[in-house]
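Only one structure is covered here, and it is reproduced in the block below.
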Amino acid sequence: MLNIEDENQWSPIYYKYRTIDNYKYFVDILLYKRLFASTYKNMNDPMEGIYYTNRAFLSQDAKNKILQEKGDIKFCCLAKRPNNMLMWSHYANGHSGIALGVRINKRDNDIQNIEYFSDHTFIDNHNEKTARDILSRKLEYWKYEQEIRIFPKISSDYIVCRIEEIILGRKISKENENLIRDMVRKIDDSIRVIKEVDVHYFD
């Protein structure tokens, strides 16, 4: 249970859907309480970071600066809900993986709701927020993800988190379920381990 100070410091619970095919990455999250932060070029959306402009508004020098700044920004993608059927299918190996419920330190990170649009962003000027704004918008095809992006205030490969729960996909193997439960008991038994079948899907 978080106290009042913690409530002010930490975000609500957000979710990281992932496979467990490579245990190295899962164990890293569990042991070190951190999530990997990457750049936009490693995202699975080929339209990530693309924007429209006009020569009359944006010089080549400004476009070069935006390109460099976009490439320097690292972030982590999370979801608002643990009961997103498509996210389980697309990111958690067809419900055979997990969803990690985590809280993020609000003092050390900027937490941004992704905005969804029918077309790419139009940029008519460049300032210190331009690259971040571009990376906080996506095409509406991705709206089902209800994505949250975590931008560390000081650039880092990792974002510290508090793991509150691990949700086991409905198709996870018994072997993987037992292994995860054993690891949690040995590493941090305060983490709740629940099954996807116990997550409420319908109002």
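Labels used: A, B, ... for chains in the order of the structure tokens, numbers from 1 for residues in each chain, and numbers from 1 for ligands as shown.
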### Query
Hey, what's within 7 Å of Phe75 (chain A) if we count only C-alpha atoms and toss same-chain stuff fewer than 5 positions away? As a list in words, please?
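Counting only the stated atoms, we get Ala37, Ser38, Thr39, Arg149, Ile150, Phe151 and Pro152 of chain A.
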Produce a file of the selected residues containing N, CA, C and O atoms, as a tab-separated table (two decimals), in the first residue's frame.
chain	number	residue	atom	x	y	z
A	37	ALA	N	14.53	1.77	-22.25
A	37	ALA	CA	14.09	2.92	-23.04
A	37	ALA	C	14.80	2.89	-24.38
A	37	ALA	O	16.02	2.68	-24.45
A	38	SER	N	14.05	3.08	-25.45
A	38	SER	CA	14.61	2.99	-26.79
A	38	SER	C	14.30	4.26	-27.57
A	38	SER	O	13.63	5.17	-27.09
A	39	THR	N	14.79	4.31	-28.80
A	39	THR	CA	14.52	5.45	-29.67
A	39	THR	C	13.42	5.10	-30.66
A	39	THR	O	13.06	3.93	-30.84
A	149	ARG	N	3.58	7.14	-23.05
A	149	ARG	CA	5.03	7.14	-23.26
A	149	ARG	C	5.73	7.79	-22.07
A	149	ARG	O	5.32	8.84	-21.58
A	150	ILE	N	6.80	7.13	-21.65
A	150	ILE	CA	7.59	7.61	-20.53
A	150	ILE	C	8.91	8.15	-21.07
A	150	ILE	O	9.71	7.40	-21.65
A	151	PHE	N	9.13	9.44	-20.89
A	151	PHE	CA	10.36	10.10	-21.33
A	151	PHE	C	11.20	10.44	-20.11
A	151	PHE	O	10.80	11.30	-19.31
A	152	PRO	N	12.36	9.80	-19.91
A	152	PRO	CA	13.20	10.17	-18.77
A	152	PRO	C	13.70	11.60	-18.90
A	152	PRO	O	14.09	12.03	-19.99
### Task
Quick one: pick out all alpha helix (DSSP H) residues within region 103-185 of chain A from a backbone DSSP run and write them as a list in words.
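Across region 103-185 of chain A, those assigned alpha helix (DSSP H) are Thr130, Ala131, Arg132, Asp133, Ile134, Lys174, Glu175, Asn176, Glu177, Asn178, Leu179, Ile180, Arg181, Asp182, Met183, Val184 and Arg185 of chain A.
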#### Entry: Selected residue of minimal separation from Glu69 (chain A) among A:Gln9, A:Ser96, A:Thr130, A:Asn84, counting only C-alpha atoms
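Of A:Gln9, A:Ser96, A:Thr130, A:Asn84, the one nearest Glu69 (chain A), counting only C-alpha atoms, is A:Thr130.
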#### Entry: Who sits within 9 Å of region 111-115 of chain A, only C-alpha atoms, same chain under 5 positions skipped, as a list in words
Ser11, Ile104, Lys106, Leu135, Ser136, Arg137, Lys138, Leu139, Glu140, Lys143, Gln146, Glu147, Ile148, Arg149, Ile150, Phe151 and Pro152 of chain A
#### Entry: CA of Ser156 (chain A) to CA of Tyr23 (chain A), distance in Å rounded to a single decimal
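Atom-to-atom, CA of Ser156 (chain A) and CA of Tyr23 (chain A) are spaced 22.3 Å apart.
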